[in-house]
>>> print(open('target09.txt').read())   # compact mmCIF, C-alpha atoms and all ligand atoms
# COMPACT_ATOMS: atom_id res chain seq x y z
CA MET U 269 0.00 0.00 0.00
CA ASN U 270 2.25 2.79 1.23
CA SER U 271 5.02 1.64 -1.07
CA LEU U 272 3.40 3.67 -3.86
CA LYS U 273 2.72 6.80 -1.82
CA PRO U 274 5.39 9.46 -1.33
CA LEU U 275 5.39 10.04 2.43
CA GLY U 276 5.07 6.39 3.28
CA ARG U 277 7.91 5.58 0.91
CA ALA U 278 10.10 8.30 2.42
CA LEU U 279 9.50 7.01 5.94
CA ASP U 280 10.22 3.46 4.85
CA GLU U 281 13.50 4.54 3.24
CA ALA U 282 14.55 6.49 6.34
CA ALA U 283 13.70 3.48 8.50
CA ARG U 284 15.77 1.12 6.39
CA ALA U 285 18.84 3.28 6.90
CA VAL U 286 18.77 2.90 10.67
CA LEU U 287 16.62 -0.12 11.53
CA PRO U 288 17.52 -3.58 10.20
CA GLY U 289 14.89 -4.30 7.55
CA GLY U 290 13.19 -1.02 8.41
CA VAL U 291 11.26 -2.43 11.37
CA ASN U 292 11.65 -3.26 15.06
CA SER U 293 10.05 -6.70 14.84
CA ALA U 294 10.39 -9.06 11.88
CA THR U 295 6.69 -9.70 11.31
CA ARG U 296 5.95 -5.98 11.00
CA TYR U 297 7.23 -6.12 7.44
CA VAL U 298 5.65 -8.82 5.38
CA GLY U 299 5.01 -8.10 1.75
CA GLU U 300 4.54 -4.34 1.72
CA PRO U 301 5.89 -1.51 3.88
CA TYR U 302 3.43 0.14 6.24
CA SER U 303 4.05 3.61 7.60
CA LEU U 304 1.40 4.34 10.18
CA VAL U 305 1.43 7.63 12.00
CA ALA U 306 -1.82 7.80 14.00
CA ALA U 307 -4.30 5.48 15.65
CA ASP U 308 -7.66 6.12 17.25
CA GLY U 309 -10.50 3.79 18.18
CA ALA U 310 -10.91 1.21 15.43
CA TYR U 311 -8.84 3.17 12.89
CA VAL U 312 -5.21 3.75 11.97
CA THR U 313 -3.90 6.40 9.57
CA ASP U 314 -0.89 6.16 7.31
CA ALA U 315 1.75 8.78 6.54
CA ASP U 316 -0.15 9.83 3.41
CA GLY U 317 -3.40 10.37 5.25
CA ALA U 318 -5.28 7.17 4.30
CA ARG U 319 -7.40 5.67 7.09
CA TYR U 320 -7.80 1.96 7.65
CA LEU U 321 -10.27 0.03 9.74
CA ASP U 322 -7.89 -1.94 11.92
CA TYR U 323 -8.34 -5.64 12.61
CA HIS U 324 -4.60 -6.14 13.06
CA ALA U 325 -4.79 -4.48 16.48
CA ALA U 326 -1.02 -4.52 17.02
CA PHE U 327 -1.01 -8.33 16.85
CA GLY U 328 -3.78 -8.39 19.42
CA ALA U 329 -2.40 -5.95 21.97
CA ILE U 330 -5.27 -3.53 21.36
CA LEU U 331 -8.52 -4.73 22.91
CA LEU U 332 -10.60 -1.71 23.92
CA GLY U 333 -9.65 0.22 20.77
CA HIS U 334 -6.63 2.43 20.06
CA ASN U 335 -5.97 5.14 22.60
CA ALA U 336 -8.92 4.11 24.75
CA PRO U 337 -9.71 7.13 26.98
CA VAL U 338 -9.89 5.08 30.18
CA VAL U 339 -6.34 3.80 29.65
CA ARG U 340 -4.97 7.12 28.42
CA GLU U 341 -6.25 8.90 31.48
CA ALA U 342 -4.79 6.30 33.83
CA VAL U 343 -1.42 6.59 32.09
CA ILE U 344 -1.41 10.37 32.28
CA ARG U 345 -2.37 10.27 35.97
CA SER U 346 0.39 7.74 36.63
CA LEU U 347 2.99 10.30 35.56
CA ASP U 348 2.17 12.33 38.66
CA GLY U 349 3.03 9.41 40.92
CA VAL U 350 6.23 7.51 41.49
CA ASP U 351 8.18 6.89 38.28
CA LEU U 352 10.61 4.01 38.64
CA VAL U 353 12.41 3.41 41.91
CA GLY U 354 13.79 -0.10 41.62
CA LEU U 355 13.69 -0.75 45.35
CA GLY U 356 11.13 -2.75 47.28
CA THR U 357 7.69 -2.55 45.76
CA THR U 358 5.15 0.12 44.90
CA PRO U 359 1.40 0.08 45.60
CA VAL U 360 0.53 -0.20 41.91
CA GLU U 361 2.52 -3.44 41.55
CA VAL U 362 0.63 -5.00 44.44
CA GLU U 363 -2.70 -3.81 43.08
CA LEU U 364 -1.92 -5.30 39.67
CA ALA U 365 -0.94 -8.67 41.13
CA GLU U 366 -4.06 -8.74 43.32
CA LEU U 367 -6.23 -8.04 40.30
CA VAL U 368 -4.58 -10.76 38.20
CA CYS U 369 -4.99 -13.28 41.03
CA GLU U 370 -8.64 -12.25 41.37
CA LEU U 371 -9.40 -12.53 37.66
CA ILE U 372 -7.38 -15.50 36.35
CA PRO U 373 -8.84 -18.70 37.79
CA SER U 374 -5.53 -20.57 38.25
CA ALA U 375 -3.51 -17.56 39.47
CA GLU U 376 -2.41 -17.59 43.09
CA MET U 377 0.70 -15.46 42.60
CA MET U 378 2.19 -13.59 39.67
CA ILE U 379 5.35 -11.99 38.37
CA THR U 380 5.37 -9.15 35.85
CA THR U 381 7.61 -8.99 32.82
CA LEU U 382 7.73 -6.56 29.92
CA SER U 383 6.89 -9.00 27.15
CA GLY U 384 5.20 -12.29 26.49
CA SER U 385 8.54 -13.78 25.44
CA GLU U 386 9.97 -13.10 28.89
CA ALA U 387 6.89 -14.58 30.55
CA THR U 388 7.15 -17.87 28.63
CA ALA U 389 10.92 -17.99 29.10
CA GLN U 390 10.32 -17.73 32.85
CA ALA U 391 7.68 -20.46 32.62
CA VAL U 392 10.15 -22.80 30.95
CA ARG U 393 12.89 -22.08 33.46
CA LEU U 394 10.55 -22.47 36.42
CA ALA U 395 9.19 -25.75 35.04
CA ARG U 396 12.71 -27.11 34.67
CA ALA U 397 13.62 -25.96 38.16
CA VAL U 398 10.63 -27.47 39.94
CA THR U 399 10.66 -30.78 38.07
CA GLY U 400 14.42 -31.15 37.66
CA ARG U 401 13.73 -32.26 34.08
CA PRO U 402 15.10 -30.85 30.81
CA LEU U 403 12.45 -31.30 28.09
CA ILE U 404 9.52 -29.14 26.98
CA VAL U 405 6.65 -30.16 24.71
CA LYS U 406 5.12 -27.58 22.39
CA PHE U 407 2.71 -27.90 19.49
CA GLN U 408 3.42 -27.35 15.82
CA GLY U 409 1.94 -23.94 14.98
CA CYS U 410 2.02 -22.43 18.46
CA TYR U 411 4.26 -19.41 19.06
CA HIS U 412 5.58 -18.61 22.51
CA GLY U 413 8.04 -15.80 21.82
CA TRP U 414 11.66 -15.60 20.81
CA SER U 415 13.62 -17.37 23.55
CA ASP U 416 15.78 -20.33 22.50
CA ALA U 417 13.63 -22.93 24.24
CA VAL U 418 10.45 -22.19 22.31
CA ALA U 419 11.51 -20.45 19.08
CA ARG U 420 10.77 -23.32 16.73
CA ASN U 421 8.03 -24.86 14.58
CA VAL U 422 5.41 -22.17 14.14
CA ILE U 423 4.30 -21.62 10.51
CA SER U 424 6.63 -24.30 9.19
CA PRO U 425 6.80 -25.03 5.48
CA GLN U 426 6.22 -28.49 4.04
CA GLY U 427 9.19 -30.64 4.89
CA ARG U 428 10.08 -28.77 8.09
CA ALA U 429 6.75 -29.06 9.90
CA TYR U 430 7.06 -31.47 12.83
CA ALA U 431 10.79 -31.73 12.01
CA ARG U 432 13.56 -29.40 13.16
CA ASP U 433 12.40 -25.88 12.28
CA PRO U 434 14.14 -23.20 14.39
CA LEU U 435 12.83 -19.65 13.95
CA SER U 436 16.27 -18.06 14.04
CA ALA U 437 19.93 -18.49 13.43
CA GLY U 438 22.03 -18.38 16.56
CA LEU U 439 19.84 -20.56 18.76
CA LEU U 440 21.65 -23.01 21.00
CA ASP U 441 21.19 -26.48 19.46
CA GLU U 442 20.72 -28.05 22.89
CA ALA U 443 17.89 -25.65 23.67
CA VAL U 444 16.12 -26.22 20.36
CA ASP U 445 16.48 -29.98 20.64
CA SER U 446 15.16 -29.99 24.19
CA THR U 447 11.78 -28.88 22.88
CA LEU U 448 9.68 -31.65 21.39
CA ILE U 449 6.88 -31.08 18.89
CA ALA U 450 3.36 -32.53 19.09
CA GLU U 451 0.18 -32.05 17.05
CA PHE U 452 -2.58 -29.84 18.40
CA ASN U 453 -5.84 -31.62 19.28
CA ASP U 454 -4.02 -34.97 19.11
CA LEU U 455 -3.54 -36.44 22.57
CA ASP U 456 -1.84 -39.52 21.15
CA SER U 457 0.99 -37.37 19.79
CA VAL U 458 1.62 -36.10 23.32
CA ALA U 459 1.28 -39.55 24.91
CA THR U 460 3.89 -40.85 22.46
CA LEU U 461 6.36 -38.20 23.64
CA PHE U 462 5.69 -38.99 27.31
CA GLU U 463 6.33 -42.68 26.56
CA ALA U 464 9.51 -41.99 24.64
CA HIS U 465 10.90 -39.56 27.24
CA ALA U 466 9.68 -40.97 30.54
CA GLU U 467 10.32 -38.64 33.48
CA ARG U 468 12.24 -36.18 31.32
CA ILE U 469 9.45 -33.81 30.31
CA ALA U 470 9.19 -30.74 32.52
CA ALA U 471 6.19 -29.08 30.90
CA VAL U 472 3.69 -29.04 28.09
CA ILE U 473 3.10 -25.51 26.83
CA LEU U 474 0.31 -24.48 24.48
CA GLU U 475 -1.76 -21.61 23.26
CA PRO U 476 -5.16 -22.94 24.32
CA ILE U 477 -6.39 -21.60 20.99
CA PRO U 478 -3.37 -21.44 18.66
CA HIS U 479 -4.02 -17.97 17.27
CA ASN U 480 -0.56 -17.80 15.75
CA VAL U 481 -1.96 -20.00 13.03
CA GLY U 482 -5.38 -18.34 13.00
CA ALA U 483 -7.71 -20.21 15.31
CA LEU U 484 -7.48 -23.94 15.89
CA LEU U 485 -10.26 -24.63 18.36
CA PRO U 486 -9.32 -27.17 21.04
CA THR U 487 -11.71 -29.98 21.80
CA GLN U 488 -12.71 -30.22 25.43
CA GLU U 489 -11.34 -33.75 25.46
CA PHE U 490 -7.94 -32.44 24.34
CA VAL U 491 -7.51 -29.76 27.01
CA GLU U 492 -8.85 -32.03 29.75
CA GLY U 493 -6.66 -34.87 28.48
CA LEU U 494 -3.57 -32.66 28.64
CA ARG U 495 -4.43 -31.73 32.21
CA THR U 496 -4.71 -35.39 33.22
CA MET U 497 -1.69 -36.57 31.25
CA THR U 498 0.69 -33.89 32.54
CA ALA U 499 -0.43 -34.50 36.15
CA GLU U 500 0.04 -38.26 35.76
CA HIS U 501 3.54 -37.79 34.40
CA GLY U 502 4.63 -35.18 36.93
CA ALA U 503 4.96 -32.45 34.29
CA LEU U 504 3.52 -28.95 34.40
CA LEU U 505 0.77 -27.70 32.14
CA VAL U 506 1.47 -24.18 30.91
CA PHE U 507 -1.19 -22.16 29.13
CA ASP U 508 0.24 -19.38 27.00
CA GLU U 509 -2.68 -16.98 27.13
CA VAL U 510 -0.71 -14.06 25.69
CA ILE U 511 -3.40 -13.71 23.01
CA THR U 512 -6.43 -15.44 24.54
CA GLY U 513 -5.96 -13.80 27.96
CA PHE U 514 -8.39 -10.95 28.68
CA ARG U 515 -9.49 -11.11 25.03
CA HIS U 516 -11.85 -14.07 25.11
CA ALA U 517 -12.90 -13.74 28.73
CA LEU U 518 -11.69 -11.85 31.75
CA GLY U 519 -10.15 -15.06 33.09
CA GLY U 520 -8.77 -16.10 29.70
CA TYR U 521 -9.56 -19.30 27.85
CA GLN U 522 -9.09 -21.31 31.06
CA GLU U 523 -12.26 -19.65 32.31
CA VAL U 524 -14.04 -20.76 29.13
CA CYS U 525 -12.84 -24.37 29.14
CA GLY U 526 -12.74 -24.87 32.89
CA VAL U 527 -9.27 -26.46 32.84
CA ARG U 528 -6.75 -25.05 35.32
CA PRO U 529 -3.13 -24.97 34.11
CA ASP U 530 -0.25 -24.90 36.59
CA LEU U 531 1.19 -21.75 35.03
CA THR U 532 -0.27 -19.10 32.74
CA ALA U 533 1.60 -16.58 30.63
CA PHE U 534 -0.29 -13.44 29.54
CA GLY U 535 0.50 -10.07 28.04
CA LYS U 536 -0.63 -8.22 24.89
CA ALA U 537 -4.22 -7.04 25.54
CA MET U 538 -3.90 -6.83 29.33
CA ALA U 539 -2.77 -3.19 29.17
CA ASN U 540 -4.40 -2.28 25.84
CA GLY U 541 -1.11 -1.59 24.08
CA PHE U 542 1.25 -0.75 26.94
CA PRO U 543 4.24 -3.01 27.51
CA VAL U 544 3.52 -5.39 30.35
CA ALA U 545 3.13 -9.15 30.53
CA GLY U 546 3.30 -11.72 33.25
CA LEU U 547 3.34 -15.25 34.51
CA ALA U 548 0.90 -16.49 37.14
CA GLY U 549 0.19 -19.81 38.73
CA ARG U 550 0.26 -22.07 41.74
CA ARG U 551 1.70 -20.55 44.86
CA ASP U 552 3.96 -23.54 45.58
CA LEU U 553 5.55 -23.13 42.13
CA MET U 554 5.68 -19.35 41.96
CA THR U 555 7.42 -19.02 45.34
CA ARG U 556 10.50 -20.56 43.73
CA PHE U 557 11.01 -17.09 42.24
CA SER U 558 11.80 -15.92 45.76
CA LYS U 559 14.25 -18.77 46.32
CA ASP U 560 16.42 -20.28 43.63
CA VAL U 561 14.82 -19.27 40.29
CA LEU U 562 16.08 -15.90 39.12
CA LEU U 563 13.52 -13.14 38.89
CA ALA U 564 15.09 -9.97 37.57
CA GLY U 565 14.24 -7.02 35.36
CA THR U 566 14.89 -3.30 35.79
CA PHE U 567 11.55 -2.38 34.25
CA ASN U 568 9.44 -5.20 35.73
CA GLY U 569 6.25 -3.77 37.23
CA HIS U 570 6.83 -0.41 35.54
CA PRO U 571 4.24 2.00 36.95
CA VAL U 572 3.03 3.42 33.62
CA ALA U 573 2.28 -0.01 32.15
CA ALA U 574 0.96 -1.30 35.48
CA HIS U 575 -1.52 1.59 35.64
CA ALA U 576 -2.53 0.90 32.04
CA ALA U 577 -3.09 -2.77 32.89
CA ILE U 578 -5.15 -1.99 35.96
CA ALA U 579 -7.28 0.47 33.98
CA THR U 580 -7.84 -2.04 31.18
CA MET U 581 -8.66 -4.94 33.47
CA THR U 582 -10.88 -2.87 35.75
CA TYR U 583 -12.79 -1.58 32.75
CA LEU U 584 -13.33 -5.13 31.51
CA ARG U 585 -14.40 -6.33 34.95
CA ASP U 586 -16.89 -3.47 35.30
CA HIS U 587 -18.30 -3.90 31.78
CA PRO U 588 -19.15 -7.58 31.31
CA ASP U 589 -21.23 -6.58 28.28
CA PHE U 590 -17.88 -5.83 26.56
CA TYR U 591 -17.46 -9.54 25.89
CA GLN U 592 -21.06 -10.03 24.78
CA ARG U 593 -20.57 -7.22 22.28
CA THR U 594 -17.21 -8.22 20.82
CA HIS U 595 -18.26 -11.88 20.72
CA ARG U 596 -21.46 -10.93 18.90
CA LEU U 597 -19.58 -8.82 16.35
CA GLY U 598 -17.01 -11.58 15.90
CA ALA U 599 -19.77 -14.12 15.32
CA ARG U 600 -21.43 -11.81 12.76
CA MET U 601 -18.13 -11.51 10.92
CA ARG U 602 -17.54 -15.27 10.90
CA GLU U 603 -21.09 -16.05 9.79
CA GLY U 604 -20.91 -13.38 7.08
CA LEU U 605 -17.60 -14.61 5.69
CA GLY U 606 -18.90 -18.17 5.82
CA GLN U 607 -21.98 -17.22 3.82
CA ILE U 608 -20.02 -15.28 1.22
CA THR U 609 -17.52 -18.07 0.60
CA ALA U 610 -20.30 -20.68 0.51
CA GLU U 611 -22.35 -18.64 -2.00
CA LEU U 612 -19.30 -18.17 -4.22
CA ASP U 613 -18.39 -21.82 -3.78
CA ILE U 614 -14.88 -20.92 -2.64
CA PRO U 615 -13.02 -23.71 -0.82
CA ALA U 616 -12.55 -21.83 2.44
CA THR U 617 -12.97 -22.28 6.17
CA VAL U 618 -13.87 -19.55 8.61
CA SER U 619 -12.70 -19.99 12.17
CA GLY U 620 -12.26 -17.94 15.31
CA PHE U 621 -13.52 -17.40 18.80
CA GLY U 622 -15.06 -14.38 20.51
CA GLY U 623 -13.98 -11.28 18.61
CA VAL U 624 -11.32 -13.15 16.64
CA PHE U 625 -11.85 -14.31 13.08
CA VAL U 626 -9.75 -15.92 10.37
CA LEU U 627 -10.41 -16.89 6.77
CA TYR U 628 -8.49 -19.95 5.65
CA PHE U 629 -8.30 -20.71 1.96
CA THR U 630 -8.71 -24.42 2.43
CA PRO U 631 -11.74 -26.62 2.91
CA GLY U 632 -12.34 -27.72 6.52
CA PRO U 633 -12.45 -29.23 8.93
CA VAL U 634 -9.42 -27.67 10.51
CA SER U 635 -8.25 -29.23 13.74
CA GLY U 636 -4.44 -29.30 13.75
CA TYR U 637 -1.54 -27.76 11.86
CA ARG U 638 -1.55 -30.64 9.37
CA ASP U 639 -4.91 -29.39 8.06
CA LEU U 640 -3.51 -25.88 7.62
CA MET U 641 -0.73 -27.06 5.36
CA ARG U 642 -3.34 -27.23 2.59
CA ASN U 643 -4.02 -23.49 2.95
CA ASP U 644 -3.61 -21.48 -0.25
CA HIS U 645 -1.23 -18.73 0.93
CA THR U 646 -1.25 -17.04 -2.48
CA ALA U 647 -5.02 -16.63 -2.33
CA TYR U 648 -4.73 -15.14 1.16
CA ALA U 649 -2.07 -12.67 -0.01
CA ALA U 650 -4.41 -11.49 -2.79
CA PHE U 651 -7.34 -11.22 -0.37
CA HIS U 652 -5.23 -9.27 2.09
CA ARG U 653 -3.87 -6.88 -0.54
CA ARG U 654 -7.29 -6.14 -2.01
CA MET U 655 -8.87 -5.61 1.41
CA THR U 656 -6.04 -3.22 2.32
CA GLU U 657 -6.61 -1.28 -0.90
CA ARG U 658 -10.24 -0.84 0.19
CA GLY U 659 -9.20 0.42 3.64
CA PHE U 660 -9.41 -2.72 5.79
CA LEU U 661 -6.26 -3.64 7.63
CA MET U 662 -5.80 -7.30 8.46
CA LEU U 663 -2.78 -9.35 9.43
CA PRO U 664 -0.52 -9.65 6.39
CA MET U 665 0.43 -13.29 6.95
CA ALA U 666 -1.74 -16.18 5.83
CA LEU U 667 -2.84 -18.26 8.83
CA LYS U 668 -2.92 -15.31 11.23
CA ARG U 669 -6.05 -14.10 12.98
CA ASN U 670 -7.85 -10.75 13.02
CA HIS U 671 -9.32 -8.94 15.99
CA VAL U 672 -12.57 -7.09 16.64
CA SER U 673 -11.97 -4.55 19.40
CA GLY U 674 -14.32 -2.65 21.68
CA ALA U 675 -14.22 0.25 19.22
CA HIS U 676 -15.63 -1.68 16.22
CA THR U 677 -19.31 -1.28 15.41
CA ASP U 678 -22.01 -3.23 13.60
CA ASP U 679 -21.60 -0.79 10.74
CA ASP U 680 -17.88 -1.64 10.56
CA ILE U 681 -18.74 -5.33 10.29
CA ASP U 682 -21.29 -4.62 7.54
CA ARG U 683 -18.80 -2.58 5.54
CA THR U 684 -16.09 -5.19 5.98
CA LEU U 685 -18.38 -7.95 4.78
CA GLU U 686 -19.46 -5.89 1.75
CA ALA U 687 -15.83 -5.31 0.84
CA ALA U 688 -14.93 -8.97 1.43
CA ALA U 689 -17.80 -10.04 -0.84
CA GLU U 690 -16.54 -7.74 -3.61
CA VAL U 691 -12.94 -8.87 -3.20
CA LEU U 692 -13.79 -12.57 -3.16
CA LYS U 693 -16.02 -12.17 -6.23
CA GLU U 694 -13.18 -10.44 -8.04
CA MET U 695 -10.74 -13.14 -6.98
CA ARG U 696 -13.17 -15.75 -8.27
CA ALA U 697 -13.41 -13.91 -11.59
CA ASP U 698 -9.61 -13.59 -11.76
CA GLY U 699 -9.21 -17.34 -11.19
CA LEU U 700 -7.37 -16.84 -7.89
CA VAL U 701 -9.71 -19.09 -5.91
N1 LIG K 1 2.96 -16.04 23.23
C1 LIG K 1 2.06 -15.82 22.25
C2 LIG K 1 0.88 -16.72 22.16
C3 LIG K 1 2.23 -14.78 21.36
O1 LIG K 1 1.35 -14.60 20.36
C4 LIG K 1 3.35 -13.94 21.51
C5 LIG K 1 3.57 -12.83 20.56
O2 LIG K 1 2.99 -12.73 19.52
C6 LIG K 1 4.25 -14.19 22.53
C7 LIG K 1 4.03 -15.24 23.40
C8 LIG K 1 5.44 -13.31 22.73
O3 LIG K 1 5.01 -12.10 23.24
P1 LIG K 1 5.88 -10.77 23.00
O4 LIG K 1 5.81 -10.47 21.54
O5 LIG K 1 5.21 -9.75 23.88
O6 LIG K 1 7.25 -11.09 23.45
>>> encode(input="target09.txt", output="structure tokens", more="lines below")
Ligand code: PLP
Amino acid sequence: MNSLKPLGRALDEAARAVLPGGVNSATRYVGEPYSLVAADGAYVTDADGARYLDYHAAFGAILLGHNAPVVREAVIRSLDGVDLVGLGTTPVEVELAELVCELIPSAEMMITTLSGSEATAQAVRLARAVTGRPLIVKFQGCYHGWSDAVARNVISPQGRAYARDPLSAGLLDEAVDSTLIAEFNDLDSVATLFEAHAERIAAVILEPIPHNVGALLPTQEFVEGLRTMTAEHGALLVFDEVITGFRHALGGYQEVCGVRPDLTAFGKAMANGFPVAGLAGRRDLMTRFSKDVLLAGTFNGHPVAAHAAIATMTYLRDHPDFYQRTHRLGARMREGLGQITAELDIPATVSGFGGVFVLYFTPGPVSGYRDLMRNDHTAYAAFHRRMTERGFLMLPMALKRNHVSGAHTDDDIDRTLEAAAEVLKEMRADGLV
């Protein structure tokens, strides 16, 4: 989009001179450069003045809408209080931890971090410390951040899926190879690993809904089976609710499915765009952070982000209709996309949960990553480009999800569906689907 417009192009060129690849996070540049300069409610504006209805939502960090007044005001007020002291604790840190323990069903204690990657890295280290075991099980397609232990096997190409697929150069081989890969919604694949590595698996970590490949919906049998299996084998169950947390329900997906993990990582939406994340869980496990498991971080519990988190979470707690609304809008979007693709006879599957939706260009059903390997990425790229041209911003990578925030309206959903119908018709006519 912006690649053709003068101000966007200029900003992109300036960025490339001083930022590797022109961005601060690799997935911010996929396909086309984006140069966004303003954000408000459900909209973002690019350097050349074009406005986009935003379903990208900063990879899911925006939940109430961009610049939500309730969060803004809390942040501005926080600047009058203590800034960062780095000694003892401040009232806002205690308040945040109390709120998390009140809202997340399995949380008895918490630590704060600045990012989801730090939260999952701490989960892995804690799991190894309490079990005295080296191995971690993760699922093909799930993403848990950039630390060595988990940075493998997300959107793997044919040939590398389920095999060795590190996300980066420079990872320690021993760390990569200490993480084993299973198939989502397939308990047997996990049982096989427990059999092969008896008493060596410290934890099973999963996104309860793997939103890093769109939305694979877990069966109840699967999540309950993981709970039982990990307990039987003396391993921890870690829910990575960095995306599902606060987005699908105040208590995360564990509130929805009724399964209590031992540890939960969360972040993204909890402060509506401000940088804070955390790890919560059983008291007997978490207290190891006050003994022999290192808890450190200059900016941990930073007051500005902590105030933003408290404001976001308090707003959600005091407005339970928030979830009814975003879930209803999400359902309208999914139903609408389903109808359009069915009427046009396009081999597609619509998935999602709550306010999250994804359009896969493959026939269903879709239960694990294996099913997603049939997805037509080229068709998605065309869909994405044509929706962007019409002013609808979605995630640029095939297999990623989109988010309805508290700022989206019924009218936004109607307009999006109208545009999607036009785009898909055009793609049909152009032989792209
Ligand atoms: N876990 C999940 C499920 C995520 O989606 C992400 C980021 O996208 C992370 C962990 C890492 O979080 P962060 O990017 O804040 O480090």
>>> closest_residue(input="target09.txt", among="U:Met581, U:Leu275, U:Leu287, U:Ile372", to="Glu523 in chain U", atoms="all atoms listed in the file")
U:Ile372
>>> residues_near_ligand(input="target09.txt", ligand="ligand LIG 1 (chain K)", cutoff="6 Å", atoms="only C-alpha atoms and all ligand atoms", output="mmCIF file with C-alpha atoms, in the frame of the given file")
data_model
loop_
_atom_site.group_PDB
_atom_site.id
_atom_site.type_symbol
_atom_site.label_atom_id
_atom_site.label_comp_id
_atom_site.auth_asym_id
_atom_site.auth_seq_id
_atom_site.Cartn_x
_atom_site.Cartn_y
_atom_site.Cartn_z
ATOM 1 C CA SER U 383 6.890 -9.000 27.150
ATOM 2 C CA GLY U 384 5.200 -12.290 26.490
ATOM 3 C CA SER U 385 8.540 -13.780 25.440
ATOM 4 C CA TYR U 411 4.260 -19.410 19.060
ATOM 5 C CA HIS U 412 5.580 -18.610 22.510
ATOM 6 C CA GLY U 413 8.040 -15.800 21.820
ATOM 7 C CA GLU U 475 -1.760 -21.610 23.260
ATOM 8 C CA ASN U 480 -0.560 -17.800 15.750
ATOM 9 C CA ASP U 508 0.240 -19.380 27.000
ATOM 10 C CA VAL U 510 -0.710 -14.060 25.690
ATOM 11 C CA ILE U 511 -3.400 -13.710 23.010
#
>>> residues_around(input="target09.txt", residues="range 495-504 of chain U", least_positions_apart="5", cutoff="7 Å", atoms="only C-alpha atoms", output="PDB file with C-alpha atoms, in the coordinates of the input")
ATOM      1  CA  ALA U 395       9.190 -25.750  35.040  1.00  0.00           C
ATOM      2  CA  GLU U 467      10.320 -38.640  33.480  1.00  0.00           C
ATOM      3  CA  ILE U 469       9.450 -33.810  30.310  1.00  0.00           C
ATOM      4  CA  ALA U 470       9.190 -30.740  32.520  1.00  0.00           C
ATOM      5  CA  ALA U 471       6.190 -29.080  30.900  1.00  0.00           C
ATOM      6  CA  VAL U 472       3.690 -29.040  28.090  1.00  0.00           C
ATOM      7  CA  ASP U 530      -0.250 -24.900  36.590  1.00  0.00           C
TER       8      ASP U 530
END
>>> residues_around(input="target09.txt", residues="Val527 in chain U", least_positions_apart="5", cutoff="7 Å", atoms="only C-alpha atoms", output="ChimeraX atom specification")
/U:491-492,522
>>> closest_residue(input="target09.txt", among="U:Lys406, U:Gly569, U:Phe452, U:Tyr297", to="Leu505 in chain U", atoms="all atoms listed in the file")
U:Lys406
>>> residues_around(input="target09.txt", residues="Leu518 in chain U", least_positions_apart="5", cutoff="10 Å", atoms="all atoms listed in the file", output="list in words")
Val368, Leu371, Ile372, Pro373, Thr512, Gly513, Glu523, Val524, Met538, Met581, Thr582, Leu584, Arg585, Pro588 and Tyr591 of chain U
>>> atom_distance(input="target09.txt", atom1="CA of Val481 in chain U", atom2="CA of Phe534 in chain U")
17.8 Å
>>> closest_atom_pairs(input="target09.txt", of="range 513-586 of chain U", to="range 339-351 of chain U", cutoff="7 Å", atoms="all atoms listed in the file", output="tab-separated table")
residue	atom	partner	partner_atom	distance
U:Pro571	CA	U:Asp351	CA	6.4
U:Val572	CA	U:Val343	CA	5.7
U:His575	CA	U:Ala342	CA	6.0
U:Ala576	CA	U:Val339	CA	5.4
U:Ala579	CA	U:Val339	CA	5.5
U:Thr580	CA	U:Val339	CA	6.2
>>> axis_aligned_box(input="target09.txt", around="range 598-608 of chain U", padding_each_side="3 Å", output="JSON")
{"center_x": -19.5, "center_y": -14.8, "center_z": 8.6, "size_x": 11.0, "size_y": 12.7, "size_z": 20.7}
>>> closest_residue(input="target09.txt", among="U:Leu461, U:Ala564, U:Glu686, U:Pro301", to="Gln607 in chain U", atoms="all atoms listed in the file")
U:Glu686
>>> residues_around(input="target09.txt", residues="Leu563 in chain U", least_positions_apart="6", cutoff="10 Å", atoms="all atoms listed in the file", output="NGL selection string")
:U and (379-381 or 390 or 556-557)
>>> residues_around(input="target09.txt", residues="Leu321 in chain U", least_positions_apart="6", cutoff="8 Å", atoms="only C-alpha atoms", output="JSON, numbers by chain")
{"U": [310, 311, 312, 659, 660, 661, 680]}
>>> atom_distance(input="target09.txt", atom1="CA of Val392 in chain U", atom2="CA of Val418 in chain U")
8.7 Å
>>> atom_distance(input="target09.txt", atom1="CA of Leu355 in chain U", atom2="CA of Arg550 in chain U")
25.5 Å
>>> closest_residue(input="target09.txt", among="U:Leu439, U:Ala574, U:Ile681, U:Val618", to="Glu361 in chain U", atoms="only C-alpha atoms")
U:Ala574
>>> closest_residue(input="target09.txt", among="U:Ser293, U:Thr487, U:Ser673, U:Ser619", to="Leu331 in chain U", atoms="all atoms listed in the file")
U:Ser673
>>> closest_residue(input="target09.txt", among="U:Leu547, U:Gly636, U:Asp613, U:Val422", to="Leu455 in chain U", atoms="all atoms listed in the file")
U:Gly636
>>> residues_near_point(input="target09.txt", point="(-2.6, -16.9, 34.4)", cutoff="8 Å", atoms="only C-alpha atoms", output="PyMOL selection string")
chain U and resi 368-369+372-375+378+507+509+513+519-520+531-534+546-549
